[in-house]
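Visitor: Input file: coords.txt. Contents: compact mmCIF, C-alpha atoms.
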```
# COMPACT_ATOMS: atom_id res chain seq x y z
CA MET N 125 111.06 97.30 79.17
CA ALA N 126 108.63 97.53 76.27
CA GLY N 127 109.55 98.00 72.64
CA PRO N 128 111.89 96.48 70.06
CA LEU N 129 114.66 95.77 72.58
CA SER N 130 112.60 92.99 74.15
CA ARG N 131 112.54 91.17 70.78
CA ILE N 132 116.23 91.54 70.00
CA SER N 133 118.88 89.30 71.52
CA LEU N 134 121.38 91.25 73.57
CA PRO N 135 124.50 89.98 71.75
CA ALA N 136 123.10 91.16 68.42
CA LEU N 137 122.06 94.51 69.87
CA VAL N 138 125.41 95.17 71.49
CA GLY N 139 127.34 94.04 68.43
CA SER N 140 125.52 96.39 66.10
CA THR N 141 125.72 99.30 68.53
CA PHE N 142 129.44 98.75 69.11
CA ALA N 143 130.10 98.70 65.38
CA ALA N 144 128.29 101.99 64.95
CA LEU N 145 130.35 103.56 67.74
CA VAL N 146 133.60 102.37 66.18
CA VAL N 147 132.65 103.89 62.84
CA ALA N 148 131.79 107.13 64.57
CA GLY N 149 135.16 107.14 66.35
CA CYS N 150 133.68 107.19 69.83
CA ALA N 151 136.73 105.99 71.74
CA PRO N 152 136.73 106.73 75.47
CA THR N 153 138.72 109.77 76.56
CA ALA N 154 140.11 110.72 79.94
CA SER N 155 137.64 112.36 82.28
CA THR N 156 138.66 115.81 83.42
CA GLY N 157 135.68 116.56 85.63
CA ALA N 158 134.33 119.02 83.11
CA ARG N 159 130.68 119.15 82.25
CA PRO N 160 129.75 118.30 78.67
CA GLY N 161 129.59 121.61 76.91
CA GLY N 162 131.87 123.39 79.36
CA GLY N 163 132.01 124.38 82.99
CA THR N 164 133.09 122.36 85.99
CA LEU N 165 131.23 119.93 88.15
CA PRO N 166 130.23 121.30 91.55
CA ALA N 167 132.20 120.12 94.52
CA GLY N 168 130.07 118.67 97.29
CA GLY N 169 129.96 119.73 100.89
CA SER N 170 131.78 118.39 103.87
CA ALA N 171 130.55 115.60 106.12
CA GLY N 172 128.21 117.99 107.90
CA SER N 173 126.80 119.79 104.89
CA ALA N 174 123.04 119.96 104.42
CA SER N 175 123.33 118.43 100.97
CA VAL N 176 124.59 115.24 102.57
CA VAL N 177 123.07 114.87 106.02
CA GLY N 178 120.05 117.19 105.89
CA PRO N 179 116.73 115.32 105.81
CA ASP N 180 115.07 115.02 102.42
CA ARG N 181 112.09 117.37 102.45
CA HIS N 182 110.43 115.44 99.63
CA PRO N 183 110.63 111.73 100.44
CA GLY N 184 109.46 109.21 97.89
CA ARG N 185 109.51 109.91 94.18
CA ASN N 186 111.87 112.74 93.23
CA PRO N 187 111.47 114.06 89.67
CA ALA N 188 115.11 115.20 89.68
CA VAL N 189 116.15 111.52 89.66
CA PRO N 190 115.18 109.57 86.53
CA ARG N 191 113.63 106.12 86.84
CA PRO N 192 115.71 103.54 84.95
CA ALA N 193 113.92 100.64 83.34
CA HIS N 194 116.55 98.35 84.88
CA THR N 195 119.14 99.05 87.59
CA ILE N 196 122.04 96.75 88.49
CA VAL N 197 123.99 97.32 91.72
CA VAL N 198 127.36 95.55 91.94
CA MET N 199 129.40 95.45 95.14
CA MET N 200 133.12 94.74 95.15
CA GLU N 201 135.48 94.36 98.10
CA ASN N 202 138.12 96.08 100.20
CA HIS N 203 139.78 98.68 97.98
CA GLY N 204 140.12 102.44 98.01
CA TYR N 205 139.54 104.86 95.16
CA SER N 206 143.22 105.34 94.29
CA GLN N 207 143.77 101.58 94.19
CA ILE N 208 141.23 101.12 91.39
CA ILE N 209 140.71 104.23 89.28
CA GLY N 210 143.73 104.74 87.05
CA ASN N 211 145.34 101.46 88.06
CA PRO N 212 146.79 99.60 85.03
CA GLN N 213 145.42 96.40 86.61
CA ALA N 214 141.87 97.82 86.31
CA PRO N 215 141.58 99.06 82.71
CA TYR N 216 137.89 98.21 82.37
CA LEU N 217 136.85 99.99 85.57
CA THR N 218 139.02 102.99 84.75
CA GLY N 219 137.31 103.19 81.36
CA LEU N 220 133.87 102.99 82.96
CA ALA N 221 134.81 105.81 85.33
CA ARG N 222 135.47 107.97 82.25
CA LYS N 223 132.18 107.00 80.62
CA GLY N 224 130.05 107.55 83.71
CA ALA N 225 129.91 109.47 86.96
CA SER N 226 132.97 108.75 89.09
CA PHE N 227 132.64 109.91 92.69
CA THR N 228 135.96 111.00 94.14
CA HIS N 229 134.61 111.49 97.69
CA SER N 230 132.58 108.32 98.20
CA LEU N 231 132.82 106.88 101.69
CA ALA N 232 131.86 103.56 103.23
CA ILE N 233 129.97 103.55 106.52
CA THR N 234 132.24 101.43 108.72
CA HIS N 235 134.44 98.34 108.94
CA PRO N 236 134.33 95.40 108.36
CA SER N 237 132.38 94.27 105.27
CA GLU N 238 128.99 93.02 106.40
CA PRO N 239 127.50 96.16 107.98
CA ASN N 240 128.24 98.12 104.80
CA TYR N 241 126.17 95.69 102.71
CA LEU N 242 123.33 95.99 105.23
CA ALA N 243 123.56 99.79 105.16
CA LEU N 244 123.20 100.00 101.39
CA PHE N 245 120.36 97.47 101.31
CA SER N 246 118.31 98.56 104.31
CA GLY N 247 119.51 101.93 105.61
CA SER N 248 120.94 100.44 108.80
CA THR N 249 123.81 98.29 110.02
CA HIS N 250 121.35 96.69 112.49
CA GLY N 251 124.02 96.82 115.18
CA VAL N 252 126.24 94.38 113.27
CA THR N 253 129.91 95.16 113.93
CA SER N 254 131.54 92.02 112.52
CA ASP N 255 131.23 89.56 109.64
CA SER N 256 129.20 87.17 111.78
CA CYS N 257 126.60 84.82 110.30
CA PRO N 258 123.72 84.06 110.25
CA HIS N 259 121.44 87.00 111.02
CA THR N 260 117.70 87.39 110.61
CA PHE N 261 116.02 90.81 110.48
CA ALA N 262 112.33 91.63 110.23
CA GLY N 263 112.71 95.26 109.16
CA ARG N 264 111.96 96.94 105.85
CA ASN N 265 114.57 96.82 103.12
CA LEU N 266 115.10 97.84 99.52
CA GLY N 267 113.85 94.51 98.18
CA SER N 268 110.62 94.49 100.18
CA GLU N 269 109.92 98.14 99.37
CA LEU N 270 110.32 97.50 95.65
CA ARG N 271 108.04 94.48 95.83
CA ALA N 272 105.42 96.47 97.74
CA ALA N 273 105.54 99.07 94.97
CA GLY N 274 104.93 96.40 92.33
CA LYS N 275 108.55 96.31 91.16
CA ARG N 276 110.60 93.15 90.85
CA PHE N 277 113.78 92.71 92.91
CA VAL N 278 116.25 89.82 92.68
CA GLY N 279 119.68 89.39 94.24
CA TYR N 280 122.19 87.30 92.26
CA ALA N 281 125.23 85.83 94.00
CA GLU N 282 128.02 84.05 92.16
CA SER N 283 128.70 80.50 93.48
CA LEU N 284 125.44 80.38 95.45
CA PRO N 285 124.69 76.62 95.38
CA HIS N 286 121.00 76.98 94.54
CA ALA N 287 118.12 79.42 94.74
CA GLY N 288 117.09 80.19 98.31
CA TYR N 289 120.26 78.81 99.91
CA THR N 290 120.75 80.22 103.42
CA GLY N 291 124.07 78.70 104.51
CA CYS N 292 126.87 81.01 105.62
CA TYR N 293 129.72 79.68 103.49
CA VAL N 294 130.26 77.17 100.72
CA GLY N 295 133.42 77.29 98.63
CA VAL N 296 133.94 80.91 97.55
CA TYR N 297 130.36 81.98 98.37
CA ALA N 298 129.89 84.06 101.54
CA ARG N 299 126.47 85.00 102.90
CA LYS N 300 127.99 87.98 104.74
CA HIS N 301 128.16 89.71 101.34
CA VAL N 302 124.56 88.86 100.40
CA PRO N 303 122.34 91.11 102.56
CA TRP N 304 118.90 90.16 101.22
CA VAL N 305 119.21 86.62 102.65
CA ASN N 306 118.99 88.11 106.15
CA PHE N 307 115.49 89.59 105.77
CA SER N 308 112.55 87.40 106.66
CA ASP N 309 110.05 89.33 104.51
CA LEU N 310 111.78 88.36 101.26
CA PRO N 311 110.87 85.04 99.65
CA ALA N 312 113.51 82.49 98.70
CA SER N 313 112.85 83.29 95.02
CA THR N 314 114.62 86.64 95.41
CA ASN N 315 117.87 84.84 96.30
CA GLN N 316 119.30 83.47 93.06
CA PRO N 317 122.67 82.16 91.84
CA PHE N 318 124.39 84.35 89.28
CA ARG N 319 123.92 81.65 86.64
CA ALA N 320 120.22 82.61 86.70
CA PHE N 321 121.01 86.20 85.65
CA PRO N 322 118.79 86.92 82.61
CA LYS N 323 120.42 86.62 79.19
CA ARG N 324 118.63 89.70 77.89
CA PHE N 325 118.84 93.17 79.36
CA ALA N 326 115.09 93.66 78.86
CA LYS N 327 114.36 90.64 81.06
CA LEU N 328 116.16 92.02 84.11
CA PRO N 329 114.20 92.91 87.27
CA ALA N 330 113.54 96.59 87.91
CA LEU N 331 116.46 96.45 90.36
CA SER N 332 118.96 93.69 90.95
CA PHE N 333 122.07 93.23 93.07
CA VAL N 334 125.03 91.28 91.71
CA ILE N 335 127.61 89.90 94.15
CA PRO N 336 130.70 88.21 92.64
CA ASN N 337 132.26 85.39 94.64
CA LEU N 338 135.31 85.85 96.88
CA ASN N 339 137.72 85.21 94.00
CA HIS N 340 136.13 87.79 91.71
CA ASP N 341 135.07 90.61 94.07
CA MET N 342 138.72 91.52 94.86
CA HIS N 343 138.43 90.02 98.36
CA ASN N 344 140.57 86.91 97.78
CA GLY N 345 141.42 87.51 94.14
CA THR N 346 143.39 90.31 92.54
CA ILE N 347 142.25 93.65 91.18
CA ALA N 348 142.95 92.34 87.68
CA GLN N 349 140.74 89.29 88.28
CA GLY N 350 137.84 91.43 89.46
CA ASP N 351 138.22 93.89 86.60
CA SER N 352 138.26 91.06 84.06
CA TRP N 353 135.21 89.39 85.65
CA LEU N 354 133.18 92.56 85.41
CA ARG N 355 134.09 93.07 81.76
CA THR N 356 133.39 89.45 80.84
CA HIS N 357 130.16 88.89 82.76
CA LEU N 358 128.54 92.34 82.91
CA GLY N 359 130.15 94.27 80.07
CA ARG N 360 127.34 93.74 77.56
CA TYR N 361 124.68 94.63 80.14
CA ILE N 362 126.55 97.83 81.02
CA HIS N 363 126.82 98.66 77.33
CA ALA N 364 123.07 98.12 76.89
CA ALA N 365 122.30 100.22 79.98
CA MET N 366 124.19 103.14 78.47
CA HIS N 367 121.92 103.10 75.42
CA HIS N 368 118.55 101.87 76.71
CA ASN N 369 117.47 103.67 79.88
CA GLY N 370 119.48 101.52 82.24
CA LEU N 371 121.68 102.26 85.24
CA VAL N 372 124.61 100.28 86.63
CA ILE N 373 126.16 101.20 89.98
CA ILE N 374 129.52 99.66 90.87
CA THR N 375 130.71 100.36 94.38
CA TRP N 376 132.86 98.82 97.11
CA ASP N 377 131.95 97.79 100.62
CA GLU N 378 134.95 99.45 102.34
CA ASN N 379 138.63 100.17 101.83
CA GLU N 380 141.51 98.42 103.58
CA ASP N 381 141.19 100.20 106.94
CA VAL N 382 142.60 103.47 105.63
CA VAL N 383 141.22 106.75 107.04
CA PRO N 384 139.03 108.15 105.60
CA ASN N 385 137.11 105.08 104.46
CA GLN N 386 137.14 106.23 100.82
CA ILE N 387 135.95 103.84 98.11
CA PRO N 388 135.32 103.98 94.36
CA THR N 389 131.72 104.43 93.25
CA ILE N 390 130.88 104.54 89.55
CA MET N 391 127.45 105.08 87.99
CA VAL N 392 126.98 104.47 84.28
CA GLY N 393 123.83 104.59 82.19
CA ALA N 394 121.90 106.33 79.48
CA GLY N 395 120.92 109.21 81.75
CA VAL N 396 124.29 109.80 83.42
CA LYS N 397 126.53 112.77 82.61
CA PRO N 398 130.16 111.58 82.51
CA GLY N 399 132.61 113.30 84.80
CA LYS N 400 134.34 113.33 88.16
CA TYR N 401 132.04 114.41 90.99
CA ALA N 402 133.63 115.66 94.20
CA GLU N 403 130.51 115.81 96.38
CA ARG N 404 130.45 113.57 99.43
CA ILE N 405 128.33 110.45 99.11
CA ASP N 406 128.06 107.24 101.11
CA HIS N 407 126.08 103.98 101.02
CA TYR N 408 123.06 105.65 102.60
CA ARG N 409 123.02 108.37 99.95
CA VAL N 410 123.25 105.80 97.15
CA LEU N 411 120.28 104.01 98.75
CA ARG N 412 118.37 107.29 98.99
CA THR N 413 118.95 107.89 95.28
CA LEU N 414 117.53 104.48 94.39
CA GLU N 415 114.52 105.14 96.62
CA ALA N 416 113.94 108.48 94.89
CA ALA N 417 114.15 106.87 91.46
CA TYR N 418 111.53 104.23 92.27
CA GLY N 419 109.30 106.31 94.52
CA LEU N 420 110.08 104.43 97.73
CA HIS N 421 109.84 105.73 101.28
CA PRO N 422 113.33 106.32 102.76
CA LEU N 423 114.72 103.53 104.90
CA GLY N 424 116.59 104.15 108.15
CA GLU N 425 119.54 106.50 107.84
CA SER N 426 118.79 107.19 104.17
CA LYS N 427 116.08 109.62 105.30
CA HIS N 428 118.93 111.87 106.47
CA ARG N 429 120.47 111.97 103.00
CA ARG N 430 119.38 113.74 99.87
CA PRO N 431 119.26 111.96 96.52
CA ILE N 432 122.08 112.49 94.06
CA THR N 433 120.52 114.81 91.48
CA ASN N 434 123.34 116.56 89.61
CA ILE N 435 124.68 113.66 87.52
CA TRP N 436 121.66 113.13 85.27
CA ARG N 437 121.37 114.22 81.65
CA ARG N 438 117.58 114.50 81.72
CA ALA N 439 115.81 115.05 84.99
CA GLY N 440 112.51 113.32 85.39
CA THR N 441 112.70 110.92 82.42
CA LYS N 442 110.96 107.60 82.84
CA SER N 443 110.63 104.62 80.56
CA ALA N 444 107.20 103.24 79.83
CA GLY N 445 108.62 99.85 80.73
CA ALA N 446 109.82 100.89 84.18
```
What is this file in structure tokens?
Guide:
Amino acid sequence: MAGPLSRISLPALVGSTFAALVVAGCAPTASTGARPGGGTLPAGGSAGSASVVGPDRHPGRNPAVPRPAHTIVVMMENHGYSQIIGNPQAPYLTGLARKGASFTHSLAITHPSEPNYLALFSGSTHGVTSDSCPHTFAGRNLGSELRAAGKRFVGYAESLPHAGYTGCYVGVYARKHVPWVNFSDLPASTNQPFRAFPKRFAKLPALSFVIPNLNHDMHNGTIAQGDSWLRTHLGRYIHAAMHHNGLVIITWDENEDVVPNQIPTIMVGAGVKPGKYAERIDHYRVLRTLEAAYGLHPLGESKHRRPITNIWRRAGTKSAGA
């Protein structure tokens, strides 16, 4: 991202912006699903509706989806929508749902965890039906497509022992939750421990994945632990994204084997219209939206989804630093 932000430390930026918001009295309010300025948000179709499963007639760059300068995708574990949004144990996430787009009909692809990560990252579960490890795939994926387009991708995993590590488990790190490690066309440099996450928002890759460890992604730990981790470690980046052409997507891999496989998905950023959105989305449709934003050819099943276009404040905006 070009401009003054790249010369200002993030803590100073966030501190001054937060102070201005406090003076202005911008406290978060409960989301009612209403559009800013009136009206209601459109409900999406059913599982078979064209808006969800119809092929995208305009693959690649879609001007109805803005291109963020920096996108962060965070994946959490094993909870349904009603377990998170509105839960007193998740005050930070509930607040983010009010400040961004909260999807009330977001569905995972399958059970258990691993194939859902693969679906979001590559448009396919690759026939994986368990949490087995290791796997190696030669197919295209979001990381390789971004790199081919001249955009930087990095995946950051908490408790990863060192950059490029390919082991299945160590302590509270689990490779089954880190899909980019499985693809042979990505160099080891794209696989980084979370401690390498840039200190400044402007230094982030065009798109990054963040995977908390098993204690902080709500897999082994509690909802309160995961909520606190997100606030502590990503709160200032999320705040910056909301003011400087950024996008943060927080989603879950799956719920706890409840039918339907409904999960929370929250998108927050400078271009996002706050509200509750009832349209049906899934991991493939989130992937298709990222592909549309960065002008990438649709991967696998994402070609049968249409990008999410109705949550943006300004269609077609693009930062010079993107």
Visitor: So how far away is CA of Ile196 in chain N from CA of Phe333 in chain N, in Å?
Guide: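 If I compute the distance from CA of Phe333 in chain N to CA of Ile196 in chain N, I get 5.8 Å.
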Visitor: Give me, please, the distance in Å between CA of Val197 in chain N and CA of Ser254 in chain N, quoted to one decimal.
Guide: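 So the two atoms, CA of Val197 in chain N and CA of Ser254 in chain N, lie 22.8 Å apart.
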Visitor: How far is it from CA of Gly395 in chain N to CA of Ile435 in chain N, in Å with one decimal?
Guide: 8.2 Å
Visitor: Given the point (116.2, 87.7, 91.4) in the coordinates of this file, which residues lie within 6 Å, counting all atoms listed in the file, and how would they look as a PDB file with C-alpha atoms, keeping the file's coordinate frame?
Guide:
```
ATOM      1  CA  PHE N 277     113.780  92.710  92.910  1.00  0.00           C
ATOM      2  CA  VAL N 278     116.250  89.820  92.680  1.00  0.00           C
ATOM      3  CA  GLY N 279     119.680  89.390  94.240  1.00  0.00           C
ATOM      4  CA  THR N 314     114.620  86.640  95.410  1.00  0.00           C
ATOM      5  CA  ASN N 315     117.870  84.840  96.300  1.00  0.00           C
ATOM      6  CA  GLN N 316     119.300  83.470  93.060  1.00  0.00           C
TER       7      GLN N 316
END
```
Visitor: Which of these residues is nearest to Asp377 in chain N, using all atoms listed in the file: N:Ala348, N:Leu284, N:Ala394, N:Leu242?
Guide: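 Ranking N:Ala348, N:Leu284, N:Ala394, N:Leu242 by distance to Asp377 in chain N, first place goes to N:Leu242.
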Visitor: Name the closest residue to His203 in chain N among the candidates N:Ser226, N:Asn344, N:Thr253, N:Asn434; distances are taken between atoms, counting only C-alpha atoms.
Guide: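 Result for the nearest residue to His203 in chain N: N:Asn344.
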Visitor: Find the residue from N:Phe245, N:Glu415, N:Leu423, N:Pro388 that sits nearest to Lys400 in chain N; use all atoms listed in the file when measuring.
Guide: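 Ranked by minimum distance to Lys400 in chain N, first place goes to N:Pro388.
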